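Colleague: My structure is below; once you've seen it, I'll send some questions.
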Amino acid sequence: MTTLITKTISKASVPLIILFSISLLIAGHNSPGGGFIGGVMFAASLSLLYVVFGLDYIKSVLNPDWGKWFGFGLLLSVLTAFGAIFFGYNFFRSSIKFIHLPFIGEIELVSSTLFDIGVYFVVIGSLLYIFRKVGDDK
Amino acid sequence: MVFSIIPCVYRIIKGPTIPDRVVALDAMTLVIVATLGVYSFIQESVFFMDVALVLSIIAFVGTVTISKYLDEGVVF
């Protein structure tokens with residue numbers, strides 16, 4: 001039985017952890033972070049939900065097929081890696097583009113962010129699939 | 001900062017029961033997080049704060065999980 005303190009703290013902290021994981025994901029090409037650690041943060045927040053509220057309750061609220069997330073991430077990473085060949089460059093070639101948005105300023109778009117998003121989905125899918133399968137085994 | 005890790009390591013190695021070790025590990029993680037904060041201030045770089053945040057989140061989830069395992073015997 002989990003106490004009220006744990007439930008309240010986890011309700012407050014799980015959205016913050018998810019936002020932090022997304023910020024790690026999109027800042028990952030030239031500062032600390034990246035797809036792997038963002039995915040680990042996301043999986044940590046959802047496994048905190050699994051631990052605190054119980055596996056059956058969370059499965060009644062939110063039950064995606066994590067294996068499909070794994071497959072989608074792997075497909076996205078592989079397509080990003082092979083996509084540079086169709087534009088005439090070598091394998092894994094990354095392209096960078098600076099665009100100017102109003103009110104925000106200059107941001108840079110890097111094609112390796114797509115690869116990072118693929119790694120993000122692979123890590124989330126594999127970790128949460130393992131957690132749910134191991135936790136179900138009673 | 002390093003000297004305040006030594007009692008935690010002593011308690012992890014010597015600790016008579018498992019909850020002693022869990023609490024000592026959590027305290028050691030908090031000391032490392034504080035060290036990273038001070039080091040980030042000395043180096044005048046913000047990159048170590050991400051490391052501190054990630055380490056504290058991982059330590060929190062791990063401590064909650066181990067506590068529930070020790071309390072009930074099952075995790076989920």
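Identifiers for the structure tokens are assigned positionally: chains receive A, B, ... in sequence, residues are indexed from 1 per chain, and ligands are indexed from 1 in the order shown.
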Which polymer residues have any atom within 12 Å of an atom of B:Phe3, counting only C-alpha atoms, with same-chain residues fewer than 5 positions away left out, as a list in words?
Modeller: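 These residues fall inside the cut-off: Cys8, Val9, Tyr10, Met28, Val31, Ile32 and Thr35 of chain B.
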Colleague: For those residues, write N, CA and C atoms to a file as a PDB file, in the first residue's frame.
Modeller:
ATOM      1  N   CYS B   8      28.709   7.874   4.485  1.00  0.00           N
ATOM      2  CA  CYS B   8      27.709   7.157   3.685  1.00  0.00           C
ATOM      3  C   CYS B   8      28.273   5.846   3.156  1.00  0.00           C
ATOM      4  N   VAL B   9      29.526   5.885   2.675  1.00  0.00           N
ATOM      5  CA  VAL B   9      30.152   4.659   2.165  1.00  0.00           C
ATOM      6  C   VAL B   9      30.335   3.652   3.295  1.00  0.00           C
ATOM      7  N   TYR B  10      30.713   4.163   4.472  1.00  0.00           N
ATOM      8  CA  TYR B  10      30.853   3.273   5.639  1.00  0.00           C
ATOM      9  C   TYR B  10      29.527   2.591   5.944  1.00  0.00           C
ATOM     10  N   MET B  28      24.090   9.665  -0.125  1.00  0.00           N
ATOM     11  CA  MET B  28      25.295   9.838  -0.936  1.00  0.00           C
ATOM     12  C   MET B  28      24.962  10.468  -2.279  1.00  0.00           C
ATOM     13  N   VAL B  31      24.549  14.152  -1.743  1.00  0.00           N
ATOM     14  CA  VAL B  31      25.843  14.834  -1.600  1.00  0.00           C
ATOM     15  C   VAL B  31      26.486  15.045  -2.964  1.00  0.00           C
ATOM     16  N   ILE B  32      26.351  14.035  -3.844  1.00  0.00           N
ATOM     17  CA  ILE B  32      26.931  14.172  -5.189  1.00  0.00           C
ATOM     18  C   ILE B  32      26.211  15.269  -5.966  1.00  0.00           C
ATOM     19  N   THR B  35      27.470  18.518  -4.754  1.00  0.00           N
ATOM     20  CA  THR B  35      28.816  18.744  -5.296  1.00  0.00           C
ATOM     21  C   THR B  35      28.758  19.219  -6.741  1.00  0.00           C
TER      22      THR B  35
END
Colleague: Give me, as a list in words, all polymer residues having an atom no more than 9 Å from B:Leu30, counting only C-alpha atoms and skipping those fewer than 5 positions away in the same chain.
Modeller: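 Counting only C-alpha atoms, the residues come to Leu25, Thr35, Leu55, Ser56 and Ala59 of chain B.
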Colleague: Please report, as a Markdown table, each residue of chain B lying at most 7 Å from chain A, together with the nearest pair of atoms and the separation in Å rounded to one decimal; use only C-alpha atoms, and order rows by chain and ascending residue number.
Modeller:
| residue | atom | partner | partner_atom | distance |
| --- | --- | --- | --- | --- |
| B:Phe47 | CA | A:Pro32 | CA | 6.6 |
| B:Val61 | CA | A:Leu48 | CA | 6.1 |
| B:Thr65 | CA | A:Val51 | CA | 6.6 |
| B:Val75 | CA | A:Val51 | CA | 6.3 |
| B:Phe76 | CA | A:Val51 | CA | 5.1 |
Colleague: For atom CA of A:Phe72 and atom CA of A:Tyr120, quote the distance in Å rounded to one decimal.
Modeller: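 These atoms are spaced 10.4 Å apart.
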Colleague: Running DSSP on the backbone, which parts of chain B land in alpha helix (DSSP H), as a ChimeraX atom specification?
Modeller: /B:6-14,18-43,47-72
Colleague: For atom CA of A:Leu19 and atom CA of A:Leu46, quote the distance in Å rounded to one decimal.
Modeller: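 Separation of atom CA of A:Leu19 and atom CA of A:Leu46: 12.7 Å.
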